[in-house]
>>> print(open('protein_0.txt').read())   # compact mmCIF, C-alpha atoms (C1' of nucleotides) and all ligand atoms
# COMPACT_ATOMS: atom_id res chain seq x y z
CA MET A 1 -6.33 -23.83 -26.31
CA GLY A 2 -7.91 -22.17 -23.31
CA LYS A 3 -9.86 -19.02 -23.87
CA ILE A 4 -7.65 -17.17 -21.43
CA ARG A 5 -4.46 -18.09 -23.23
CA GLU A 6 -6.04 -17.00 -26.47
CA THR A 7 -7.11 -13.67 -25.02
CA PHE A 8 -3.60 -13.09 -23.79
CA ARG A 9 -1.95 -13.92 -27.12
CA ARG A 10 -4.35 -11.73 -29.03
CA TYR A 11 -3.62 -8.88 -26.63
CA LEU A 12 0.10 -9.30 -27.17
CA SER A 13 -0.12 -9.40 -30.93
CA ASP A 14 -2.56 -6.49 -31.06
CA LYS A 15 -0.12 -4.40 -29.09
CA GLY A 16 2.90 -5.47 -31.09
CA LEU A 17 4.23 -7.35 -28.10
CA LYS A 18 5.87 -10.72 -28.30
CA SER A 19 4.88 -14.14 -27.14
CA THR A 20 7.75 -15.55 -25.16
CA GLN A 21 8.45 -18.76 -23.29
CA GLN A 22 8.60 -16.90 -20.00
CA ARG A 23 5.18 -15.39 -20.52
CA GLU A 24 3.71 -18.78 -21.34
CA ILE A 25 5.31 -20.39 -18.32
CA ILE A 26 4.14 -17.64 -16.01
CA LEU A 27 0.61 -17.81 -17.40
CA ASP A 28 0.56 -21.59 -16.96
CA GLU A 29 1.57 -21.39 -13.35
CA PHE A 30 -0.74 -18.45 -12.72
CA LEU A 31 -3.70 -20.49 -13.96
CA ARG A 32 -2.61 -23.62 -12.13
CA ALA A 33 -1.90 -22.00 -8.77
CA GLY A 34 -4.59 -20.91 -6.39
CA SER A 35 -6.10 -17.47 -6.55
CA HIS A 36 -5.16 -14.30 -4.69
CA LEU A 37 -1.45 -15.00 -4.92
CA SER A 38 1.10 -12.27 -4.47
CA THR A 39 3.81 -11.72 -7.03
CA GLU A 40 6.35 -13.21 -4.69
CA GLU A 41 4.27 -16.30 -4.01
CA LEU A 42 3.86 -16.92 -7.71
CA TYR A 43 7.53 -16.26 -8.35
CA LEU A 44 8.54 -18.82 -5.72
CA ARG A 45 6.29 -21.43 -7.28
CA ILE A 46 7.64 -20.79 -10.74
CA ARG A 47 11.21 -20.90 -9.54
CA ARG A 48 10.85 -24.51 -8.53
CA GLN A 49 10.60 -25.60 -12.17
CA HIS A 50 12.20 -22.60 -13.82
CA PRO A 51 14.92 -21.15 -11.61
CA ASN A 52 16.13 -18.95 -14.44
CA ILE A 53 13.03 -16.81 -14.68
CA GLY A 54 13.61 -13.43 -13.06
CA TYR A 55 11.59 -11.71 -10.39
CA ALA A 56 11.14 -8.62 -12.52
CA THR A 57 9.68 -10.66 -15.34
CA VAL A 58 7.01 -12.07 -13.06
CA TYR A 59 6.12 -8.55 -11.97
CA ARG A 60 5.98 -7.33 -15.55
CA THR A 61 3.93 -10.28 -16.74
CA LEU A 62 1.34 -10.09 -13.98
CA LYS A 63 0.88 -6.46 -14.85
CA LEU A 64 0.29 -7.52 -18.45
CA PHE A 65 -2.34 -10.02 -17.32
CA SER A 66 -4.13 -7.28 -15.52
CA GLU A 67 -3.89 -4.90 -18.47
CA CYS A 68 -5.38 -7.39 -20.87
CA GLY A 69 -8.18 -8.26 -18.52
CA ILE A 70 -7.39 -11.87 -17.67
CA ALA A 71 -6.36 -10.99 -14.12
CA GLU A 72 -7.46 -8.61 -11.44
CA GLU A 73 -5.27 -6.79 -8.92
CA HIS A 74 -6.13 -6.68 -5.24
CA ASN A 75 -4.74 -4.99 -2.17
CA PHE A 76 -5.92 -6.70 0.93
CA GLY A 77 -3.89 -4.55 3.26
CA ASP A 78 -0.87 -6.77 3.77
CA GLY A 79 1.33 -4.53 1.65
CA GLN A 80 1.51 -6.86 -1.32
CA THR A 81 -0.44 -6.75 -4.54
CA ARG A 82 -2.35 -9.95 -5.16
CA TYR A 83 -3.70 -11.26 -8.44
CA GLU A 84 -6.57 -13.51 -9.35
CA SER A 85 -7.63 -14.86 -12.67
CA VAL A 86 -10.96 -13.68 -14.02
CA ALA A 87 -11.87 -16.66 -16.15
CA GLY A 88 -15.09 -15.16 -17.33
CA GLU A 89 -16.43 -15.71 -13.85
CA GLU A 90 -18.91 -13.25 -12.52
CA HIS A 91 -17.73 -10.39 -10.38
CA HIS A 92 -17.37 -11.06 -6.69
CA ASP A 93 -16.20 -9.36 -3.51
CA HIS A 94 -14.21 -10.68 -0.58
CA LEU A 95 -14.42 -11.58 3.08
CA ILE A 96 -10.89 -11.59 4.51
CA CYS A 97 -10.12 -13.36 7.77
CA THR A 98 -7.44 -11.40 9.58
CA GLY A 99 -6.73 -14.46 11.70
CA CYS A 100 -5.87 -17.17 9.17
CA LYS A 101 -5.69 -14.96 6.07
CA ARG A 102 -8.36 -17.08 4.43
CA ILE A 103 -10.30 -15.33 1.68
CA ILE A 104 -13.96 -16.07 1.10
CA GLU A 105 -15.61 -14.87 -2.07
CA PHE A 106 -19.18 -13.72 -2.28
CA GLU A 107 -21.48 -11.84 -4.55
CA ASP A 108 -24.64 -9.98 -3.81
CA PRO A 109 -26.43 -8.31 -6.70
CA ARG A 110 -28.48 -6.27 -4.24
CA ILE A 111 -25.34 -4.60 -2.96
CA GLU A 112 -24.16 -3.99 -6.50
CA SER A 113 -27.38 -2.32 -7.50
CA LEU A 114 -27.39 -0.15 -4.37
CA GLN A 115 -23.89 0.96 -5.36
CA ASP A 116 -25.26 1.99 -8.73
CA GLU A 117 -28.01 3.89 -6.99
CA VAL A 118 -25.49 5.75 -4.84
CA ALA A 119 -23.49 6.63 -7.93
CA ARG A 120 -26.55 7.93 -9.73
CA LEU A 121 -27.43 10.03 -6.74
CA HIS A 122 -24.04 11.74 -6.91
CA ASP A 123 -23.93 11.93 -10.71
CA PHE A 124 -20.91 9.70 -10.62
CA LYS A 125 -19.87 7.06 -13.16
CA ILE A 126 -18.48 3.96 -11.47
CA LEU A 127 -15.57 2.37 -13.30
CA ASP A 128 -14.40 0.07 -10.56
CA HIS A 129 -15.18 -0.73 -6.99
CA ARG A 130 -13.92 -2.66 -4.02
CA LEU A 131 -15.86 -4.11 -1.18
CA GLU A 132 -13.86 -5.97 1.41
CA LEU A 133 -15.13 -7.25 4.72
CA TYR A 134 -12.38 -7.87 7.25
CA GLY A 135 -12.90 -9.93 10.36
CA LEU A 136 -12.70 -13.43 11.78
CA CYS A 137 -13.94 -16.66 10.30
CA SER A 138 -15.75 -19.12 12.52
CA GLU A 139 -12.65 -21.26 13.08
CA CYS A 140 -10.53 -18.34 14.13
CA ARG A 141 -13.19 -17.14 16.53
CA GLN A 142 -13.09 -20.41 18.45
CA LYS A 143 -9.48 -19.93 19.54
CA MET B 1 -11.30 21.19 25.63
CA GLY B 2 -12.50 19.26 22.62
CA LYS B 3 -13.65 15.74 23.13
CA ILE B 4 -11.11 14.49 20.62
CA ARG B 5 -8.19 16.09 22.39
CA GLU B 6 -9.41 14.65 25.65
CA THR B 7 -9.71 11.17 24.17
CA PHE B 8 -6.17 11.44 22.88
CA ARG B 9 -4.72 12.61 26.18
CA ARG B 10 -6.50 9.91 28.09
CA TYR B 11 -5.16 7.33 25.66
CA LEU B 12 -1.63 8.59 26.17
CA SER B 13 -1.81 8.59 29.94
CA ASP B 14 -3.51 5.19 30.04
CA LYS B 15 -0.66 3.76 28.01
CA GLY B 16 2.06 5.48 30.01
CA LEU B 17 2.89 7.63 27.01
CA LYS B 18 3.68 11.29 27.24
CA SER B 19 1.86 14.38 26.15
CA THR B 20 4.28 16.46 24.13
CA GLN B 21 4.22 19.75 22.30
CA GLN B 22 4.72 18.00 18.99
CA ARG B 23 1.75 15.73 19.54
CA GLU B 24 -0.46 18.69 20.42
CA ILE B 25 0.68 20.64 17.39
CA ILE B 26 0.15 17.73 15.06
CA LEU B 27 -3.30 17.07 16.49
CA ASP B 28 -4.24 20.74 16.09
CA GLU B 29 -3.25 20.81 12.46
CA PHE B 30 -4.85 17.41 11.83
CA LEU B 31 -8.17 18.70 13.12
CA ARG B 32 -7.87 22.01 11.32
CA ALA B 33 -6.86 20.62 7.93
CA GLY B 34 -9.24 18.94 5.55
CA SER B 35 -9.90 15.24 5.69
CA HIS B 36 -8.28 12.40 3.77
CA LEU B 37 -4.83 13.95 3.98
CA SER B 38 -1.72 11.89 3.47
CA THR B 39 1.09 11.97 6.00
CA GLU B 40 3.19 14.01 3.64
CA GLU B 41 0.44 16.55 3.02
CA LEU B 42 -0.07 17.02 6.74
CA TYR B 43 3.67 17.22 7.33
CA LEU B 44 4.02 19.96 4.72
CA ARG B 45 1.24 21.98 6.32
CA ILE B 46 2.75 21.63 9.77
CA ARG B 47 6.18 22.57 8.54
CA ARG B 48 4.99 26.03 7.57
CA GLN B 49 4.56 26.99 11.22
CA HIS B 50 6.81 24.40 12.83
CA PRO B 51 9.77 23.63 10.57
CA ASN B 52 11.50 21.77 13.37
CA ILE B 53 8.98 18.95 13.62
CA GLY B 54 10.31 15.83 11.95
CA TYR B 55 8.72 13.71 9.30
CA ALA B 56 9.01 10.56 11.41
CA THR B 57 7.15 12.22 14.27
CA VAL B 58 4.20 12.97 12.01
CA TYR B 59 4.15 9.36 10.90
CA ARG B 60 4.34 8.14 14.47
CA THR B 61 1.68 10.51 15.70
CA LEU B 62 -0.84 9.74 12.96
CA LYS B 63 -0.44 6.09 13.80
CA LEU B 64 -1.21 6.97 17.42
CA PHE B 65 -4.36 8.80 16.35
CA SER B 66 -5.50 5.73 14.52
CA GLU B 67 -4.66 3.45 17.47
CA CYS B 68 -6.67 5.52 19.91
CA GLY B 69 -9.62 5.72 17.58
CA ILE B 70 -9.71 9.42 16.77
CA ALA B 71 -8.56 8.85 13.20
CA GLU B 72 -9.11 6.30 10.49
CA GLU B 73 -6.61 5.04 7.94
CA HIS B 74 -7.46 4.77 4.26
CA ASN B 75 -5.75 3.47 1.17
CA PHE B 76 -7.32 4.86 -1.92
CA GLY B 77 -4.84 3.26 -4.26
CA ASP B 78 -2.43 6.13 -4.79
CA GLY B 79 0.24 4.46 -2.71
CA GLN B 80 -0.09 6.73 0.29
CA THR B 81 -1.95 6.14 3.52
CA ARG B 82 -4.53 8.82 4.18
CA TYR B 83 -6.12 9.75 7.48
CA GLU B 84 -9.41 11.28 8.43
CA SER B 85 -10.70 12.32 11.80
CA VAL B 86 -13.67 10.38 13.16
CA ALA B 87 -15.21 13.08 15.31
CA GLY B 88 -18.01 10.88 16.47
CA GLU B 89 -19.49 11.15 12.99
CA GLU B 90 -21.34 8.19 11.64
CA HIS B 91 -19.55 5.70 9.48
CA HIS B 92 -19.39 6.43 5.79
CA ASP B 93 -17.89 5.07 2.61
CA HIS B 94 -16.26 6.80 -0.35
CA LEU B 95 -16.70 7.64 -3.98
CA ILE B 96 -13.27 8.47 -5.44
CA CYS B 97 -12.96 10.38 -8.70
CA THR B 98 -9.90 9.08 -10.52
CA GLY B 99 -9.94 12.22 -12.64
CA CYS B 100 -9.72 15.05 -10.11
CA LYS B 101 -9.01 12.93 -7.01
CA ARG B 102 -12.07 14.40 -5.34
CA ILE B 103 -13.54 12.23 -2.60
CA ILE B 104 -17.27 12.11 -2.00
CA GLU B 105 -18.58 10.55 1.19
CA PHE B 106 -21.78 8.61 1.39
CA GLU B 107 -23.58 6.25 3.67
CA ASP B 108 -26.23 3.71 2.93
CA PRO B 109 -27.58 1.67 5.81
CA ARG B 110 -29.11 -0.76 3.35
CA ILE B 111 -25.67 -1.68 2.06
CA GLU B 112 -24.36 -2.00 5.60
CA SER B 113 -27.11 -4.37 6.60
CA LEU B 114 -26.62 -6.47 3.48
CA GLN B 115 -22.96 -6.76 4.46
CA ASP B 116 -24.04 -8.06 7.83
CA GLU B 117 -26.27 -10.55 6.11
CA VAL B 118 -23.39 -11.78 3.95
CA ALA B 119 -21.23 -12.16 7.03
CA ARG B 120 -23.92 -14.12 8.86
CA LEU B 121 -24.29 -16.39 5.87
CA HIS B 122 -20.60 -17.26 6.04
CA ASP B 123 -20.43 -17.40 9.82
CA PHE B 124 -18.01 -14.53 9.73
CA LYS B 125 -17.59 -11.73 12.25
CA ILE B 126 -16.97 -8.40 10.56
CA LEU B 127 -14.48 -6.17 12.37
CA ASP B 128 -13.91 -3.67 9.62
CA HIS B 129 -14.87 -3.09 6.05
CA ARG B 130 -14.10 -0.93 3.08
CA LEU B 131 -16.36 0.03 0.25
CA GLU B 132 -14.86 2.31 -2.34
CA LEU B 133 -16.41 3.27 -5.65
CA TYR B 134 -13.88 4.51 -8.19
CA GLY B 135 -14.90 6.40 -11.27
CA LEU B 136 -15.51 9.84 -12.69
CA CYS B 137 -17.44 12.71 -11.20
CA SER B 138 -19.78 14.68 -13.42
CA GLU B 139 -17.28 17.47 -13.98
CA CYS B 140 -14.54 15.12 -15.04
CA ARG B 141 -16.85 13.34 -17.44
CA GLN B 142 -17.52 16.55 -19.36
CA LYS B 143 -13.94 16.96 -20.48
C1' DT C 1 13.05 22.71 43.01
C1' DG C 2 16.27 18.81 41.90
C1' DT C 3 16.65 14.07 40.65
C1' DT C 4 15.60 10.13 38.23
C1' DT C 5 13.46 7.35 34.90
C1' DC C 6 11.79 6.53 30.69
C1' DC C 7 9.56 8.11 26.70
C1' DA C 8 9.84 11.13 22.57
C1' DT C 9 12.20 13.40 19.00
C1' DG C 10 14.82 14.43 14.71
C1' DA C 11 18.11 12.99 11.42
C1' DA C 12 19.61 9.53 8.98
C1' DA C 13 19.89 4.81 7.77
C1' DA C 14 17.22 0.71 6.84
C1' DT C 15 13.39 -1.77 4.91
C1' DG C 16 10.29 -3.86 1.62
C1' DA C 17 7.62 -3.75 -2.43
C1' DT C 18 7.83 -2.28 -6.88
C1' DT C 19 9.96 -0.05 -10.99
C1' DA C 20 13.63 1.51 -14.05
C1' DT C 21 18.02 0.67 -16.36
C1' DC C 22 20.83 -1.68 -19.56
C1' DA C 23 23.52 -4.98 -22.05
C1' DA C 24 22.64 -9.35 -23.96
C1' DT C 25 19.19 -12.23 -26.14
C1' DC C 26 15.07 -13.69 -28.25
C1' DT C 27 10.65 -12.95 -31.75
C1' DT C 28 8.84 -12.00 -35.76
C1' DG C 29 7.81 -9.91 -40.21
C1' DG C 30 9.84 -9.63 -44.57
C1' DC D 1 18.13 -15.98 -42.84
C1' DC D 2 18.12 -10.87 -41.23
C1' DA D 3 17.17 -6.75 -39.35
C1' DA D 4 14.37 -4.17 -36.15
C1' DG D 5 12.58 -3.98 -32.09
C1' DA D 6 10.79 -6.14 -27.91
C1' DT D 7 12.14 -9.02 -23.76
C1' DT D 8 14.89 -10.69 -20.20
C1' DG D 9 17.61 -11.08 -15.87
C1' DA D 10 20.50 -8.80 -12.79
C1' DT D 11 20.91 -4.92 -10.44
C1' DA D 12 20.27 -0.27 -9.15
C1' DA D 13 16.88 3.07 -8.10
C1' DT D 14 12.34 4.63 -6.05
C1' DC D 15 9.06 5.62 -2.77
C1' DA D 16 6.51 5.23 1.36
C1' DT D 17 7.18 3.83 5.77
C1' DT D 18 9.89 2.10 9.78
C1' DT D 19 13.85 1.66 12.63
C1' DT D 20 17.93 3.24 14.93
C1' DC D 21 20.27 6.01 18.04
C1' DA D 22 22.05 9.88 20.46
C1' DT D 23 19.99 13.78 22.62
C1' DG D 24 16.21 16.21 24.77
C1' DG D 25 11.91 16.41 27.44
C1' DA D 26 7.78 14.87 30.51
C1' DA D 27 6.44 13.40 34.81
C1' DA D 28 6.59 10.99 39.15
C1' DC D 29 8.93 11.70 43.14
C1' DA D 30 12.36 13.21 46.64
MN MN E 201 -11.50 -13.38 -5.54
MN MN E 202 -14.19 10.06 4.65
ZN ZN E 203 -9.74 -17.39 9.91
ZN ZN E 204 -13.52 14.40 -10.80
>>> encode(input="protein_0.txt", output="structure tokens", more="lines below")
Ligand SMILES: [Mn+2]
Ligand SMILES: [Mn+2]
Ligand SMILES: [Zn+2]
Ligand SMILES: [Zn+2]
Amino acid sequence: MGKIRETFRRYLSDKGLKSTQQREIILDEFLRAGSHLSTEELYLRIRRQHPNIGYATVYRTLKLFSECGIAEEHNFGDGQTRYESVAGEEHHDHLICTGCKRIIEFEDPRIESLQDEVARLHDFKILDHRLELYGLCSECRQK
Amino acid sequence: MGKIRETFRRYLSDKGLKSTQQREIILDEFLRAGSHLSTEELYLRIRRQHPNIGYATVYRTLKLFSECGIAEEHNFGDGQTRYESVAGEEHHDHLICTGCKRIIEFEDPRIESLQDEVARLHDFKILDHRLELYGLCSECRQK
DNA sequence: TGTTTCCATGAAAATGATTATCAATCTTGG
DNA sequence: CCAAGATTGATAATCATTTTCATGGAAACA
């Protein structure tokens, strides 16, 4: 069984929550589908095979994923919360093309350590951060 | 007359829009009040002296400020859009204390130039960016 | 100054994403 | 298998923001 699925089940049992078919189905599709999907996008995908699963359940379950650490929430400014799986991958930030909505991931440890330096300077303890670069990818610039 | 007010009036006339009492009043209070205010917070302040100005007008006017470049929109994750005046000050980013909601501004040209480097690497043209560090200020950590 | 033309305004309704409610239905420990 | 309690799906409710629309106001112009 995948490590992610195991993490999720342990989280449920530790919290006295229950492992249900819906939660398994939603997790399956969440892991199968591409990243940075909105709740609605995931719901629409799931509905193709499981038209009886409710919208609210998808919302609730994605929130669970985020609580137990297997998913991360994002707000890229389009008014919808997006989720991506964090399969033990290293942290990364995002370039967002406002033309084609493409999302490019990047990581730069130098930026991360400068962030730490800034925090130290202000006697601040960082718990989370977001760095998003908005603009146009090369394809969109050629139009 | 302040440079900001002038910029705003020129923007209005260039666009064939009209200079109204409400817009002047809202701009005055926007410049007088502290930064990073939400629409509701600004509306409540304005209402003390001008109870006849409508909520929708404050929304519309703040959007105008942002369009003409005298204000900047922010989303610090509390579900409300916040605005701050950009009185020709240099760009800065934000440390946000999730305990007391305090907002600390900082700038680090080294981070900015690393962002440019990342963009170059991905053949991406940055039009905007957001860097927000969430965590706890020193005071909030001592509780 | 009066007229005309649009734009702006305020109140209220509409929207869109997300959350809460609730009766019916599963999970799970014993 | 059973009881206790969590989950689900449908739907109503929220909350911030936007739209609508009738009325009022700015501004170019006569
Ligand atoms: Mn990502
Ligand atoms: Mn600021
Ligand atoms: Zn693009
Ligand atoms: Zn604090």
>>> residues_near_point(input="protein_0.txt", point="(-10.5, -10.5, 7.6)", cutoff="10 Å", atoms="all atoms listed in the file", output="VMD selection string")
(chain A and resid 76 to 77 94 to 104 132 to 137) or (chain B and resid 124 to 129)
>>> closest_atom_pairs(input="protein_0.txt", of="chain D", to="stretch 51-75 of chain B", cutoff="12 Å", atoms="all atoms listed in the file", output="tab-separated table")
residue	atom	partner	partner_atom	distance
D:DA16	C1'	B:Tyr59	CA	10.7
D:DT17	C1'	B:Tyr59	CA	8.1
D:DT18	C1'	B:Ala56	CA	8.7
D:DT19	C1'	B:Ala56	CA	10.2
>>> residues_around(input="protein_0.txt", residues="B:Glu117", least_positions_apart="4", cutoff="12 Å", atoms="only C-alpha atoms (C1' of nucleotides)", output="PyMOL selection string")
(chain A and resi 106-108+110-111+133) or (chain B and resi 110-113+121-126)
>>> calpha_fit_and_write(input="protein_0.txt", fixed="chain B", moving="chain A", output="mmCIF file with C-alpha atoms, in the coordinates of the input")
data_model
loop_
_atom_site.group_PDB
_atom_site.id
_atom_site.type_symbol
_atom_site.label_atom_id
_atom_site.label_comp_id
_atom_site.auth_asym_id
_atom_site.auth_seq_id
_atom_site.Cartn_x
_atom_site.Cartn_y
_atom_site.Cartn_z
ATOM 1 C CA MET A 1 -11.339 21.277 25.467
ATOM 2 C CA GLY A 2 -12.526 19.315 22.468
ATOM 3 C CA LYS A 3 -13.694 15.798 23.021
ATOM 4 C CA ILE A 4 -11.143 14.519 20.547
ATOM 5 C CA ARG A 5 -8.232 16.138 22.326
ATOM 6 C CA GLU A 6 -9.485 14.696 25.571
ATOM 7 C CA THR A 7 -9.776 11.217 24.105
ATOM 8 C CA PHE A 8 -6.240 11.466 22.839
ATOM 9 C CA ARG A 9 -4.790 12.635 26.161
ATOM 10 C CA ARG A 10 -6.603 9.941 28.075
ATOM 11 C CA TYR A 11 -5.263 7.349 25.646
ATOM 12 C CA LEU A 12 -1.733 8.609 26.157
ATOM 13 C CA SER A 13 -1.931 8.635 29.919
ATOM 14 C CA ASP A 14 -3.636 5.242 30.048
ATOM 15 C CA LYS A 15 -0.802 3.779 28.041
ATOM 16 C CA GLY A 16 1.912 5.504 30.022
ATOM 17 C CA LEU A 17 2.744 7.656 27.035
ATOM 18 C CA LYS A 18 3.567 11.311 27.247
ATOM 19 C CA SER A 19 1.806 14.419 26.123
ATOM 20 C CA THR A 20 4.255 16.461 24.129
ATOM 21 C CA GLN A 21 4.179 19.757 22.278
ATOM 22 C CA GLN A 22 4.718 17.999 18.972
ATOM 23 C CA ARG A 23 1.742 15.741 19.510
ATOM 24 C CA GLU A 24 -0.459 18.698 20.370
ATOM 25 C CA ILE A 25 0.697 20.649 17.348
ATOM 26 C CA ILE A 26 0.167 17.717 15.027
ATOM 27 C CA LEU A 27 -3.293 17.063 16.450
ATOM 28 C CA ASP A 28 -4.215 20.733 16.040
ATOM 29 C CA GLU A 29 -3.224 20.790 12.419
ATOM 30 C CA PHE A 30 -4.803 17.402 11.787
ATOM 31 C CA LEU A 31 -8.139 18.700 13.069
ATOM 32 C CA ARG A 32 -7.817 22.007 11.254
ATOM 33 C CA ALA A 33 -6.788 20.612 7.875
ATOM 34 C CA GLY A 34 -9.180 18.946 5.510
ATOM 35 C CA SER A 35 -9.858 15.250 5.657
ATOM 36 C CA HIS A 36 -8.234 12.392 3.764
ATOM 37 C CA LEU A 37 -4.782 13.924 3.967
ATOM 38 C CA SER A 38 -1.677 11.856 3.473
ATOM 39 C CA THR A 39 1.113 11.930 6.005
ATOM 40 C CA GLU A 40 3.218 13.976 3.654
ATOM 41 C CA GLU A 41 0.477 16.509 3.017
ATOM 42 C CA LEU A 42 -0.026 16.998 6.725
ATOM 43 C CA TYR A 43 3.704 17.196 7.327
ATOM 44 C CA LEU A 44 4.071 19.934 4.709
ATOM 45 C CA ARG A 45 1.298 21.948 6.309
ATOM 46 C CA ILE A 46 2.794 21.616 9.752
ATOM 47 C CA ARG A 47 6.231 22.550 8.521
ATOM 48 C CA ARG A 48 5.041 25.987 7.543
ATOM 49 C CA GLN A 49 4.585 26.970 11.193
ATOM 50 C CA HIS A 50 6.848 24.409 12.805
ATOM 51 C CA PRO A 51 9.805 23.635 10.560
ATOM 52 C CA ASN A 52 11.518 21.756 13.362
ATOM 53 C CA ILE A 53 8.995 18.960 13.613
ATOM 54 C CA GLY A 54 10.320 15.813 11.962
ATOM 55 C CA TYR A 55 8.721 13.689 9.296
ATOM 56 C CA ALA A 56 9.015 10.567 11.406
ATOM 57 C CA THR A 57 7.155 12.201 14.254
ATOM 58 C CA VAL A 58 4.209 12.972 12.009
ATOM 59 C CA TYR A 59 4.141 9.348 10.899
ATOM 60 C CA ARG A 60 4.322 8.108 14.471
ATOM 61 C CA THR A 61 1.661 10.502 15.702
ATOM 62 C CA LEU A 62 -0.844 9.737 12.963
ATOM 63 C CA LYS A 63 -0.449 6.093 13.809
ATOM 64 C CA LEU A 64 -1.229 6.969 17.422
ATOM 65 C CA PHE A 65 -4.375 8.804 16.335
ATOM 66 C CA SER A 66 -5.506 5.736 14.529
ATOM 67 C CA GLU A 67 -4.695 3.459 17.458
ATOM 68 C CA CYS A 68 -6.693 5.526 19.891
ATOM 69 C CA GLY A 69 -9.642 5.742 17.572
ATOM 70 C CA ILE A 70 -9.711 9.442 16.744
ATOM 71 C CA ALA A 71 -8.543 8.842 13.178
ATOM 72 C CA GLU A 72 -9.095 6.288 10.489
ATOM 73 C CA GLU A 73 -6.571 5.034 7.936
ATOM 74 C CA HIS A 74 -7.421 4.750 4.263
ATOM 75 C CA ASN A 75 -5.712 3.442 1.168
ATOM 76 C CA PHE A 76 -7.285 4.852 -1.908
ATOM 77 C CA GLY A 77 -4.839 3.239 -4.273
ATOM 78 C CA ASP A 78 -2.416 6.097 -4.792
ATOM 79 C CA GLY A 79 0.262 4.410 -2.709
ATOM 80 C CA GLN A 80 -0.068 6.703 0.277
ATOM 81 C CA THR A 81 -1.907 6.130 3.513
ATOM 82 C CA ARG A 82 -4.495 8.801 4.175
ATOM 83 C CA TYR A 83 -6.075 9.748 7.477
ATOM 84 C CA GLU A 84 -9.376 11.273 8.430
ATOM 85 C CA SER A 85 -10.684 12.324 11.769
ATOM 86 C CA VAL A 86 -13.639 10.403 13.139
ATOM 87 C CA ALA A 87 -15.187 13.082 15.300
ATOM 88 C CA GLY A 88 -17.964 10.876 16.497
ATOM 89 C CA GLU A 89 -19.431 11.122 13.033
ATOM 90 C CA GLU A 90 -21.293 8.166 11.706
ATOM 91 C CA HIS A 91 -19.509 5.665 9.533
ATOM 92 C CA HIS A 92 -19.351 6.421 5.846
ATOM 93 C CA ASP A 93 -17.855 5.053 2.642
ATOM 94 C CA HIS A 94 -16.252 6.811 -0.295
ATOM 95 C CA LEU A 95 -16.701 7.659 -3.946
ATOM 96 C CA ILE A 96 -13.282 8.488 -5.406
ATOM 97 C CA CYS A 97 -12.973 10.406 -8.659
ATOM 98 C CA THR A 98 -9.934 9.125 -10.508
ATOM 99 C CA GLY A 99 -9.968 12.278 -12.610
ATOM 100 C CA CYS A 100 -9.727 15.099 -10.067
ATOM 101 C CA LYS A 101 -9.012 12.972 -6.986
ATOM 102 C CA ARG A 102 -12.081 14.412 -5.306
ATOM 103 C CA ILE A 103 -13.538 12.248 -2.553
ATOM 104 C CA ILE A 104 -17.264 12.124 -1.935
ATOM 105 C CA GLU A 105 -18.561 10.559 1.240
ATOM 106 C CA PHE A 106 -21.769 8.618 1.473
ATOM 107 C CA GLU A 107 -23.552 6.247 3.748
ATOM 108 C CA ASP A 108 -26.208 3.715 3.021
ATOM 109 C CA PRO A 109 -27.536 1.662 5.914
ATOM 110 C CA ARG A 110 -29.088 -0.781 3.456
ATOM 111 C CA ILE A 111 -25.661 -1.677 2.135
ATOM 112 C CA GLU A 112 -24.336 -2.019 5.660
ATOM 113 C CA SER A 113 -27.076 -4.390 6.675
ATOM 114 C CA LEU A 114 -26.619 -6.487 3.529
ATOM 115 C CA GLN A 115 -22.948 -6.768 4.479
ATOM 116 C CA ASP A 116 -24.010 -8.104 7.853
ATOM 117 C CA GLU A 117 -26.267 -10.576 6.122
ATOM 118 C CA VAL A 118 -23.410 -11.795 3.936
ATOM 119 C CA ALA A 119 -21.229 -12.209 7.001
ATOM 120 C CA ARG A 120 -23.890 -14.187 8.818
ATOM 121 C CA LEU A 121 -24.294 -16.417 5.819
ATOM 122 C CA HIS A 122 -20.601 -17.303 5.946
ATOM 123 C CA ASP A 123 -20.411 -17.484 9.744
ATOM 124 C CA PHE A 124 -17.985 -14.619 9.644
ATOM 125 C CA LYS A 125 -17.553 -11.824 12.196
ATOM 126 C CA ILE A 126 -16.930 -8.479 10.518
ATOM 127 C CA LEU A 127 -14.445 -6.273 12.335
ATOM 128 C CA ASP A 128 -13.863 -3.750 9.602
ATOM 129 C CA HIS A 129 -14.843 -3.131 6.046
ATOM 130 C CA ARG A 130 -14.091 -0.946 3.080
ATOM 131 C CA LEU A 131 -16.341 0.035 0.269
ATOM 132 C CA GLU A 132 -14.849 2.319 -2.324
ATOM 133 C CA LEU A 133 -16.414 3.291 -5.613
ATOM 134 C CA TYR A 134 -13.906 4.541 -8.162
ATOM 135 C CA GLY A 135 -14.918 6.444 -11.251
ATOM 136 C CA LEU A 136 -15.542 9.904 -12.646
ATOM 137 C CA CYS A 137 -17.475 12.754 -11.130
ATOM 138 C CA SER A 138 -19.825 14.744 -13.314
ATOM 139 C CA GLU A 139 -17.306 17.543 -13.885
ATOM 140 C CA CYS A 140 -14.583 15.194 -14.976
ATOM 141 C CA ARG A 141 -16.920 13.428 -17.362
ATOM 142 C CA GLN A 142 -17.594 16.644 -19.257
ATOM 143 C CA LYS A 143 -13.982 17.013 -20.383
#
>>> closest_residue(input="protein_0.txt", among="B:Ala33, B:Asp28, B:Glu84, B:Gln142", to="B:Gly2", atoms="all atoms listed in the file")
B:Asp28
>>> atom_distance(input="protein_0.txt", atom1="atom CA of B:Gln80", atom2="atom CA of B:Thr39")
7.8 Å
>>> closest_residue(input="protein_0.txt", among="A:Arg23, A:Lys143, A:Asp93, A:Ser138", to="ligand ZN 203 (chain E)", atoms="all atoms listed in the file")
A:Ser138
